[in-house]
>>> print(open('entry-v2.cif').read())   # mmCIF, C-alpha atoms and all ligand atoms
data_work
loop_
_atom_site.label_atom_id
_atom_site.label_comp_id
_atom_site.auth_asym_id
_atom_site.auth_seq_id
_atom_site.Cartn_x
_atom_site.Cartn_y
_atom_site.Cartn_z
CA MET A 1054 4.05 -28.69 15.15
CA ASP A 1055 7.71 -27.69 14.85
CA ILE A 1056 7.34 -23.95 15.38
CA GLN A 1057 11.06 -23.24 15.20
CA ARG A 1058 11.33 -24.86 11.79
CA LEU A 1059 8.24 -23.03 10.62
CA LEU A 1060 9.70 -19.64 11.63
CA ASP A 1061 13.00 -20.43 9.91
CA ASP A 1062 11.03 -21.38 6.79
CA ILE A 1063 8.96 -18.19 6.93
CA ALA A 1064 12.11 -16.08 7.26
CA ALA A 1065 13.47 -17.75 4.11
CA THR A 1066 10.15 -17.35 2.26
CA VAL A 1067 9.89 -13.58 2.83
CA GLU A 1068 13.55 -12.96 2.01
CA PRO A 1069 12.83 -11.77 -1.57
CA LEU A 1070 10.45 -9.14 -0.17
CA LEU A 1071 12.93 -7.57 2.23
CA GLY A 1072 13.43 -3.90 1.56
CA GLU A 1073 10.27 -3.69 -0.59
CA GLY A 1074 8.42 -0.51 0.34
CA HIS A 1075 9.77 2.52 2.19
CA VAL A 1076 11.18 3.13 5.64
CA ALA A 1077 9.21 5.84 7.44
CA ASP A 1078 11.28 9.00 7.17
CA TYR A 1079 8.74 11.62 8.24
CA ILE A 1080 10.28 11.03 11.66
CA PRO A 1081 13.95 11.68 10.76
CA GLY A 1082 15.18 9.58 13.68
CA LEU A 1083 13.52 6.51 12.11
CA GLY A 1084 14.77 7.05 8.56
CA ALA A 1085 18.28 5.74 9.23
CA VAL A 1086 17.20 2.13 9.87
CA ALA A 1087 18.51 -0.48 7.38
CA PRO A 1088 15.39 -1.62 5.44
CA GLY A 1089 16.43 -5.24 4.73
CA GLN A 1090 16.12 -6.52 8.31
CA PHE A 1091 13.53 -9.10 9.34
CA GLY A 1092 12.60 -10.79 12.60
CA ILE A 1093 9.74 -12.97 13.83
CA SER A 1094 8.97 -14.28 17.30
CA VAL A 1095 6.15 -16.42 18.68
CA ALA A 1096 5.35 -16.71 22.40
CA MET A 1097 3.13 -19.68 23.19
CA ALA A 1098 0.30 -18.82 25.61
CA ASP A 1099 1.74 -21.08 28.29
CA GLY A 1100 5.04 -22.13 26.91
CA PRO A 1101 8.25 -21.29 25.21
CA VAL A 1102 9.25 -18.41 22.96
CA TYR A 1103 10.58 -19.04 19.46
CA GLY A 1104 12.27 -16.72 17.01
CA ALA A 1105 14.02 -16.39 13.68
CA GLY A 1106 16.01 -13.71 11.88
CA ASP A 1107 16.63 -10.46 13.75
CA TRP A 1108 14.16 -11.42 16.45
CA GLN A 1109 16.26 -10.14 19.33
CA ARG A 1110 17.21 -6.77 17.82
CA PRO A 1111 15.39 -3.75 19.33
CA PHE A 1112 13.40 -1.44 17.06
CA SER A 1113 11.08 1.52 17.55
CA ILE A 1114 7.66 0.18 18.55
CA GLN A 1115 5.78 3.34 17.48
CA SER A 1116 2.01 2.74 17.24
CA ILE A 1117 2.20 -0.74 18.75
CA SER A 1118 2.40 1.18 22.04
CA LYS A 1119 -1.25 2.20 21.52
CA VAL A 1120 -2.42 -1.30 22.43
CA PHE A 1121 -0.70 -1.14 25.80
CA SER A 1122 -1.85 2.37 26.74
CA LEU A 1123 -5.43 1.34 25.92
CA ALA A 1124 -5.10 -1.86 27.96
CA LEU A 1125 -3.78 0.14 30.93
CA VAL A 1126 -6.69 2.59 30.82
CA LEU A 1127 -9.24 -0.22 30.49
CA SER A 1128 -7.63 -2.14 33.34
CA ARG A 1129 -7.83 0.89 35.62
CA GLU A 1130 -11.30 2.23 34.94
CA GLY A 1131 -13.16 -0.02 32.53
CA ASP A 1132 -15.37 1.42 29.83
CA ALA A 1133 -15.25 5.15 30.69
CA ILE A 1134 -12.78 5.89 27.86
CA TRP A 1135 -15.39 4.93 25.24
CA ARG A 1136 -17.22 8.18 25.92
CA ARG A 1137 -14.24 10.02 24.44
CA VAL A 1138 -13.21 7.77 21.55
CA PHE A 1139 -15.22 5.59 19.15
CA ARG A 1140 -14.26 2.07 18.13
CA GLU A 1141 -15.00 2.08 14.40
CA PRO A 1142 -12.46 1.64 11.61
CA SER A 1143 -11.52 5.01 10.18
CA GLY A 1144 -10.79 4.13 6.55
CA THR A 1145 -8.31 7.02 6.62
CA PRO A 1146 -4.56 7.21 7.25
CA PHE A 1147 -3.36 6.95 10.85
CA ASN A 1148 -2.46 10.63 10.99
CA SER A 1149 -5.49 12.06 9.19
CA LEU A 1150 -7.14 15.16 10.63
CA VAL A 1151 -10.20 15.26 8.37
CA GLN A 1152 -12.61 13.06 10.33
CA LEU A 1153 -11.72 14.60 13.67
CA GLU A 1154 -13.33 17.93 12.91
CA ALA A 1155 -16.27 16.42 11.02
CA GLU A 1156 -17.00 14.24 14.08
CA ASN A 1157 -16.67 16.97 16.69
CA GLY A 1158 -13.38 15.98 18.26
CA ILE A 1159 -14.25 12.33 18.99
CA PRO A 1160 -11.62 10.16 17.25
CA ARG A 1161 -12.81 7.12 15.31
CA ASN A 1162 -10.79 4.62 17.34
CA PRO A 1163 -7.96 4.37 19.88
CA PHE A 1164 -5.41 3.09 17.32
CA ILE A 1165 -5.27 6.09 15.00
CA ASN A 1166 -3.12 8.92 16.31
CA ALA A 1167 -6.01 11.15 17.40
CA GLY A 1168 -7.58 8.34 19.43
CA ALA A 1169 -4.26 7.36 20.95
CA LEU A 1170 -3.72 10.96 22.09
CA VAL A 1171 -7.03 10.78 23.98
CA VAL A 1172 -6.04 7.47 25.59
CA THR A 1173 -2.60 8.83 26.56
CA ASP A 1174 -4.29 11.90 28.00
CA ARG A 1175 -6.51 9.72 30.18
CA LEU A 1176 -3.57 7.57 31.25
CA GLN A 1177 -1.71 10.76 32.16
CA THR A 1178 -4.63 11.82 34.38
CA LEU A 1179 -4.73 8.39 36.02
CA THR A 1180 -0.98 7.90 36.58
CA ARG A 1181 0.69 11.35 36.24
CA ASP A 1182 3.27 9.53 34.07
CA ALA A 1183 1.62 7.91 31.07
CA ALA A 1184 4.82 6.98 29.22
CA GLY A 1185 6.30 5.65 32.46
CA ALA A 1186 3.24 3.47 33.03
CA VAL A 1187 3.48 2.00 29.51
CA THR A 1188 7.22 1.40 29.98
CA ALA A 1189 6.68 -0.34 33.32
CA LEU A 1190 3.99 -2.62 31.85
CA LEU A 1191 6.19 -3.54 28.90
CA ARG A 1192 9.19 -4.25 31.13
CA THR A 1193 7.18 -6.49 33.40
CA GLU A 1194 5.37 -8.41 30.68
CA SER A 1195 8.43 -8.85 28.45
CA GLY A 1196 10.62 -9.72 31.44
CA ASN A 1197 13.19 -7.30 30.02
CA PRO A 1198 14.10 -4.50 32.45
CA ALA A 1199 16.20 -2.84 29.73
CA VAL A 1200 13.11 -1.78 27.71
CA GLY A 1201 13.34 2.00 27.41
CA VAL A 1202 12.82 5.11 25.32
CA ASP A 1203 15.15 5.94 22.42
CA GLU A 1204 15.59 9.60 23.35
CA ARG A 1205 16.86 10.46 19.88
CA VAL A 1206 13.65 9.18 18.24
CA ALA A 1207 11.45 10.87 20.86
CA ALA A 1208 13.20 14.21 20.31
CA SER A 1209 13.08 13.81 16.53
CA GLU A 1210 9.36 13.13 16.63
CA ALA A 1211 8.69 16.06 18.95
CA ALA A 1212 10.62 18.37 16.63
CA ASN A 1213 8.65 17.19 13.58
CA GLY A 1214 5.28 16.28 15.07
CA HIS A 1215 3.22 19.04 13.50
CA ARG A 1216 0.31 16.80 12.53
CA ASN A 1217 0.12 15.25 15.99
CA ALA A 1218 0.31 18.70 17.55
CA SER A 1219 -2.54 19.94 15.37
CA MET A 1220 -4.62 16.90 16.34
CA ALA A 1221 -3.96 17.50 20.02
CA HIS A 1222 -4.98 21.14 19.72
CA MET A 1223 -8.11 20.15 17.79
CA LEU A 1224 -9.00 17.66 20.55
CA ALA A 1225 -8.43 20.36 23.16
CA SER A 1226 -10.65 22.78 21.22
CA TYR A 1227 -13.51 20.27 21.55
CA GLY A 1228 -12.81 19.79 25.26
CA ASN A 1229 -11.52 16.25 24.67
CA LEU A 1230 -8.19 16.64 26.49
CA GLU A 1231 -7.82 16.82 30.27
CA ASN A 1232 -4.13 17.72 30.36
CA PRO A 1233 -2.09 20.43 28.60
CA VAL A 1234 -1.42 19.72 24.93
CA ASP A 1235 2.38 19.75 25.35
CA GLU A 1236 2.26 17.28 28.21
CA VAL A 1237 0.06 14.84 26.29
CA LEU A 1238 2.27 15.10 23.19
CA GLU A 1239 5.43 14.50 25.21
CA HIS A 1240 4.06 11.30 26.73
CA TYR A 1241 2.65 10.14 23.40
CA PHE A 1242 6.00 10.65 21.62
CA ARG A 1243 7.86 8.88 24.42
CA GLN A 1244 5.61 5.81 24.38
CA CYS A 1245 6.01 5.62 20.57
CA ALA A 1246 9.81 5.88 20.90
CA LEU A 1247 10.14 2.80 23.14
CA GLU A 1248 12.60 0.26 21.77
CA MET A 1249 11.85 -3.45 21.94
CA SER A 1250 12.69 -6.62 20.06
CA CYS A 1251 10.25 -9.08 18.48
CA ALA A 1252 10.87 -11.39 21.46
CA ASP A 1253 10.06 -8.60 23.93
CA LEU A 1254 6.85 -7.66 22.10
CA ALA A 1255 5.64 -11.23 21.59
CA LEU A 1256 5.99 -11.76 25.34
CA ALA A 1257 4.47 -8.39 26.23
CA SER A 1258 1.37 -9.14 24.10
CA ARG A 1259 0.89 -12.57 25.57
CA PHE A 1260 -1.84 -11.44 27.99
CA LEU A 1261 -4.05 -10.90 24.93
CA ALA A 1262 -3.64 -14.58 24.03
CA ARG A 1263 -4.37 -15.57 27.64
CA ASN A 1264 -7.75 -13.94 28.24
CA GLY A 1265 -6.09 -10.99 29.94
CA VAL A 1266 -3.89 -12.99 32.33
CA ALA A 1267 -0.54 -11.26 32.93
CA SER A 1268 2.89 -12.87 33.21
CA ASP A 1269 2.56 -13.18 37.01
CA GLY A 1270 -0.72 -15.08 36.67
CA THR A 1271 -2.96 -12.22 37.81
CA ALA A 1272 -5.88 -10.84 35.77
CA PHE A 1273 -4.54 -7.69 34.09
CA LEU A 1274 -7.67 -7.48 31.91
CA SER A 1275 -10.90 -9.43 32.29
CA PRO A 1276 -11.52 -12.06 29.59
CA SER A 1277 -14.15 -9.77 28.11
CA GLN A 1278 -11.80 -6.77 28.02
CA SER A 1279 -9.09 -8.88 26.41
CA LYS A 1280 -11.57 -10.04 23.77
CA ARG A 1281 -12.57 -6.44 23.08
CA VAL A 1282 -9.00 -5.17 22.72
CA ASN A 1283 -8.41 -7.98 20.22
CA ALA A 1284 -11.61 -6.99 18.39
CA VAL A 1285 -10.49 -3.38 18.06
CA MET A 1286 -7.07 -4.55 16.88
CA LEU A 1287 -8.71 -6.67 14.19
CA THR A 1288 -10.94 -3.87 12.92
CA CYS A 1289 -8.67 -0.84 13.45
CA GLY A 1290 -5.11 -2.03 14.15
CA THR A 1291 -3.72 -1.58 10.65
CA TYR A 1292 -5.59 1.63 9.71
CA ASP A 1293 -7.07 1.80 6.23
CA ALA A 1294 -5.57 -1.61 5.43
CA ALA A 1295 -7.47 -3.38 8.25
CA GLY A 1296 -9.76 -5.14 5.74
CA GLU A 1297 -6.81 -6.39 3.70
CA PHE A 1298 -4.96 -7.46 6.87
CA ALA A 1299 -8.01 -9.43 8.09
CA TYR A 1300 -8.29 -11.02 4.64
CA ARG A 1301 -4.65 -12.03 4.43
CA VAL A 1302 -3.79 -12.75 8.06
CA GLY A 1303 -7.10 -13.34 9.84
CA LEU A 1304 -5.86 -12.26 13.26
CA PRO A 1305 -6.08 -9.21 15.52
CA GLY A 1306 -2.96 -7.18 14.75
CA LYS A 1307 -1.38 -3.83 15.46
CA SER A 1308 1.30 -2.23 13.34
CA GLY A 1309 3.74 0.63 13.89
CA VAL A 1310 5.73 2.76 11.46
CA GLY A 1311 8.94 1.32 12.90
CA GLY A 1312 7.99 -1.79 10.88
CA GLY A 1313 6.77 -3.95 13.75
CA ILE A 1314 3.41 -5.77 13.90
CA ILE A 1315 2.00 -7.72 16.83
CA ALA A 1316 -0.70 -10.32 16.24
CA VAL A 1317 -2.67 -12.53 18.59
CA VAL A 1318 -4.03 -16.06 18.23
CA PRO A 1319 -6.40 -16.10 21.23
CA GLY A 1320 -5.78 -19.09 23.47
CA LYS A 1321 -2.66 -20.15 21.54
CA CYS A 1322 0.10 -17.60 21.11
CA SER A 1323 1.18 -14.03 20.48
CA ILE A 1324 3.42 -13.09 17.57
CA CYS A 1325 5.64 -10.17 16.66
CA VAL A 1326 7.17 -9.59 13.24
CA TRP A 1327 9.46 -6.77 12.21
CA SER A 1328 10.83 -5.47 8.94
CA PRO A 1329 11.26 -1.71 8.53
CA ALA A 1330 10.12 -1.13 4.93
CA LEU A 1331 6.44 -0.13 4.84
CA GLY A 1332 3.66 -0.33 2.26
CA PRO A 1333 1.42 2.61 1.36
CA ASN A 1334 -0.73 2.29 4.51
CA GLY A 1335 2.20 2.30 6.93
CA ASN A 1336 2.33 -1.46 7.56
CA SER A 1337 5.48 -3.57 7.12
CA VAL A 1338 5.41 -5.29 3.72
CA ALA A 1339 7.49 -8.32 4.73
CA GLY A 1340 5.82 -8.37 8.16
CA VAL A 1341 2.31 -8.75 6.71
CA ALA A 1342 3.60 -11.39 4.27
CA ALA A 1343 5.18 -13.34 7.14
CA LEU A 1344 1.97 -13.29 9.18
CA ASP A 1345 -0.01 -14.34 6.08
CA GLU A 1346 2.38 -17.27 5.69
CA PHE A 1347 2.16 -18.14 9.39
CA THR A 1348 -1.64 -18.36 9.53
CA THR A 1349 -1.87 -20.06 6.14
CA ARG A 1350 0.57 -22.77 7.17
CA THR A 1351 -0.67 -23.30 10.74
CA GLY A 1352 -4.38 -22.69 10.18
CA TRP A 1353 -4.25 -20.63 13.37
CA SER A 1354 -6.64 -17.78 12.71
CA VAL A 1355 -9.79 -16.42 14.32
CA PHE A 1356 -11.75 -17.40 11.20
N1 LIG A 1401 4.73 8.08 16.35
C1 LIG A 1401 4.07 7.88 15.09
C2 LIG A 1401 3.21 9.08 14.77
O1 LIG A 1401 2.62 9.61 15.66
C3 LIG A 1401 3.25 6.63 15.17
C4 LIG A 1401 2.53 6.32 13.92
C5 LIG A 1401 2.46 4.87 13.60
O2 LIG A 1401 3.24 4.06 14.08
N2 LIG A 1401 1.54 4.52 12.73
O3 LIG A 1401 3.11 9.49 13.64
#
>>> encode(input="entry-v2.cif", output="structure tokens", more="lines below")
Ligand code: GLN
Amino acid sequence: MDIQRLLDDIAATVEPLLGEGHVADYIPGLGAVAPGQFGISVAMADGPVYGAGDWQRPFSIQSISKVFSLALVLSREGDAIWRRVFREPSGTPFNSLVQLEAENGIPRNPFINAGALVVTDRLQTLTRDAAGAVTALLRTESGNPAVGVDERVAASEAANGHRNASMAHMLASYGNLENPVDEVLEHYFRQCALEMSCADLALASRFLARNGVASDGTAFLSPSQSKRVNAVMLTCGTYDAAGEFAYRVGLPGKSGVGGGIIAVVPGKCSICVWSPALGPNGNSVAGVAALDEFTTRTGWSVF
């Protein structure tokens, strides 16, 4: 298959959709991004990296970071985190507070904000620098030492992060945080504010297409852990649109409000798409359409 030609074709196919939806502006630092951009990159499990459009332009990875913080915690201490966070789809927006109180401070899954705060908290306990640990992993796996935090976005999110702060306090009130609320929030905002390109993220996600094997050939996750991270991505990675994403794309995927989405074809490749304008559930409109096109045309899906 001529992957390069396919990606060029997909970029042309989604062109009419570019700018459809809304750029996230509840984090003022994100609102200034030009909505009509689009990039796609595919990293073959054991081979080359392809890309089209703005595939080498860095963007704010936002909630995509949640996959990597979870993988780090699982790699360090296995299943212990599952005592503090469930792994069921929430059916609610990523920043909803409602379920958290009704379910006694145990978040539905690690990919909504409340669950990610618990994971970041645990990573902070384990490393004393959760955001630094996520950054180091992403630098190593992408092969790009320039991956770093956009301080302007991190500060903007901290200044406007009232919902995340209330979630963190709610978690603390149920005894589900080990570190001070402010410390957990700081590391969470910093991991969300990392800037990477589609190429960087396709490469960084490749271990999930390789049964957990990292870029240096060592086992970062066990095959079973890698399978489980992919399973949680499939069921929870795109929030209350996870059913629609599975229907249209048929792959494990994780979105972020910066407009990026990573997706994994186990055994074959990892993919990252990016286009900043979001649909009502916080997922990139053109990004989902591009992944739909990719799996429809290749037949590469988990179904
Ligand atoms: N940093 C964002 C927030 O906490 C991440 C949300 C997202 O990407 N869905 O609101």
>>> residues_around(input="entry-v2.cif", residues="A:Ala1330", least_positions_apart="4", cutoff="7 Å", atoms="all atoms listed in the file", output="list in words")
Gly1072, Glu1073, Gly1074, His1075, Val1076, Pro1088, Gly1312, Ser1337 and Val1338 of chain A
>>> closest_atom_pairs(input="entry-v2.cif", of="chain A", to="ligand LIG 1401 (chain A)", cutoff="8 Å", atoms="only C-alpha atoms and all ligand atoms", output="CSV")
residue,atom,partner,partner_atom,distance
A:Ile1080,CA,A:LIG1401,O3,7.6
A:Ile1114,CA,A:LIG1401,O2,7.4
A:Gln1115,CA,A:LIG1401,O2,4.3
A:Ser1116,CA,A:LIG1401,O2,3.6
A:Ile1117,CA,A:LIG1401,O2,6.8
A:Phe1147,CA,A:LIG1401,N2,5.8
A:Asn1148,CA,A:LIG1401,O3,6.3
A:Ile1165,CA,A:LIG1401,N2,7.3
A:Asn1166,CA,A:LIG1401,O1,5.8
A:Glu1210,CA,A:LIG1401,N1,6.9
A:Gly1214,CA,A:LIG1401,O1,7.2
A:Arg1216,CA,A:LIG1401,O3,7.9
A:Asn1217,CA,A:LIG1401,O1,6.2
A:Tyr1241,CA,A:LIG1401,N1,7.6
A:Phe1242,CA,A:LIG1401,N1,6.0
A:Cys1245,CA,A:LIG1401,N1,5.0
A:Ala1246,CA,A:LIG1401,N1,7.2
A:Ser1308,CA,A:LIG1401,O2,6.6
A:Gly1309,CA,A:LIG1401,O2,3.5
A:Val1310,CA,A:LIG1401,O2,3.8
A:Gly1311,CA,A:LIG1401,O2,6.4
A:Gly1335,CA,A:LIG1401,N2,6.2
A:Asn1336,CA,A:LIG1401,N2,7.9
>>> closest_residue(input="entry-v2.cif", among="A:Arg1192, A:Arg1350, A:Lys1321, A:Arg1205", to="A:Leu1083", atoms="only C-alpha atoms")
A:Arg1205
>>> residues_around(input="entry-v2.cif", residues="A:Asp1253", least_positions_apart="2", cutoff="8 Å", atoms="only C-alpha atoms", output="ChimeraX atom specification")
/A:1109,1195-1197,1249-1251,1255-1257
>>> closest_residue(input="entry-v2.cif", among="A:Val1095, A:Gly1082, A:Leu1331, A:Ile1315", to="A:Ala1208", atoms="all atoms listed in the file")
A:Gly1082
>>> residues_around(input="entry-v2.cif", residues="stretch 1132-1140 of chain A", least_positions_apart="2", cutoff="7 Å", atoms="all atoms listed in the file", output="PyMOL selection string")
chain A and resi 1127+1130+1142+1159-1163+1168+1229+1285
>>> write_last_selection(input="entry-v2.cif", atoms="C-alpha atoms", output="JSON list (two decimals), in the coordinates of the input")
[["chain", "number", "residue", "atom", "x", "y", "z"],
["A", 1127, "LEU", "CA", -9.24, -0.22, 30.49],
["A", 1130, "GLU", "CA", -11.30, 2.23, 34.94],
["A", 1142, "PRO", "CA", -12.46, 1.64, 11.61],
["A", 1159, "ILE", "CA", -14.25, 12.33, 18.99],
["A", 1160, "PRO", "CA", -11.62, 10.16, 17.25],
["A", 1161, "ARG", "CA", -12.81, 7.12, 15.31],
["A", 1162, "ASN", "CA", -10.79, 4.62, 17.34],
["A", 1163, "PRO", "CA", -7.96, 4.37, 19.88],
["A", 1168, "GLY", "CA", -7.58, 8.34, 19.43],
["A", 1229, "ASN", "CA", -11.52, 16.25, 24.67],
["A", 1285, "VAL", "CA", -10.49, -3.38, 18.06]]
>>> closest_residue(input="entry-v2.cif", among="A:Asp1107, A:Glu1239, A:Glu1204, A:Glu1141", to="A:Ser1094", atoms="all atoms listed in the file")
A:Asp1107
>>> atom_distance(input="entry-v2.cif", atom1="atom CA of A:Ile1093", atom2="atom CA of A:Met1286")
19.0 Å
